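S.K.: Questions regarding the structure given below will be posed in turn.
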Amino acid sequence: MKSPFSDISTVQRNDLFELLDAHRYTYNEGDEILQKLKYENIVCIILRGYAQQLYIEYSGNEIIIEDLYQDSIFGTNISAINIS
């Protein structure tokens with residue numbers, strides 16, 4: 001899969017993130033990335049490292065849904081309407 005940033009320079013990519021008011025977070029191995037962001041509409045990009053999207057069954061079994069590598073994009077459910 002081609003990186004969404006392969007046709008722009010690092011400077012242009014950083015400028016894009018600044019224009020989008022992007023936040024950068026660092027996580028350690030074993031951390032749950034979206035745990036605190038469950039009620040926000042958010043798009044995430046892996047800048048460095050590796051992550052896995054997991055489904056955890058009621059019984060505790062973990063199923064790997066997707067492996068995410070550098071430049072992978074994922075996020076919470078994004079909708080045009082936020083219901084409060």
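By order in the structure tokens, chains are A, B, ...; within a chain, residues start at 1; ligands start at 1, following the order shown.
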Please identify the alpha helix (DSSP H) residues within chain A (assignment by DSSP from backbone atoms) and present them as a ChimeraX atom specification.

M.R.: /A:10-19

S.K.: Set the distance at 12 Å and use only C-alpha atoms: which residues neighbour Asp67 in chain A once local chain neighbours fewer than 5 positions away are removed? I'd like the list as a PyMOL selection string.

M.R.: chain A and resi 46+49-54+72-74

S.K.: Using only C-alpha atoms, determine which residues lie at most 9 Å from Tyr55 in chain A, disregarding the query and same-chain residues fewer than 5 positions distant; provide the list as a compact mmCIF listing (two decimals) with N, CA, C and O atoms, in the first residue's frame.

M.R.:
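Everything below was put into out_26.txt:
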# COMPACT_ATOMS: atom_id res chain seq x y z
N ASN A 61 -11.06 -13.46 25.11
CA ASN A 61 -10.25 -13.80 23.95
C ASN A 61 -9.99 -12.56 23.10
O ASN A 61 -10.91 -11.78 22.84
N GLU A 62 -8.75 -12.40 22.67
CA GLU A 62 -8.38 -11.27 21.82
C GLU A 62 -8.22 -11.75 20.38
O GLU A 62 -7.53 -12.73 20.13
N ILE A 63 -8.85 -11.03 19.45
CA ILE A 63 -8.75 -11.35 18.03
C ILE A 63 -8.12 -10.15 17.33
O ILE A 63 -8.61 -9.02 17.46
N ILE A 64 -7.03 -10.37 16.60
CA ILE A 64 -6.36 -9.30 15.86
C ILE A 64 -7.16 -9.03 14.60
O ILE A 64 -7.34 -9.91 13.76
N ILE A 65 -7.66 -7.81 14.48
CA ILE A 65 -8.43 -7.42 13.30
C ILE A 65 -7.52 -6.86 12.22
O ILE A 65 -7.70 -7.14 11.04

S.K.: Just to confirm, what's the straight-line distance from CA of Ile45 in chain A to CA of Arg24 in chain A in Å (one decimal)?

M.R.: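 Answer for the CA of Ile45 in chain A to CA of Arg24 in chain A separation: 9.5 Å.
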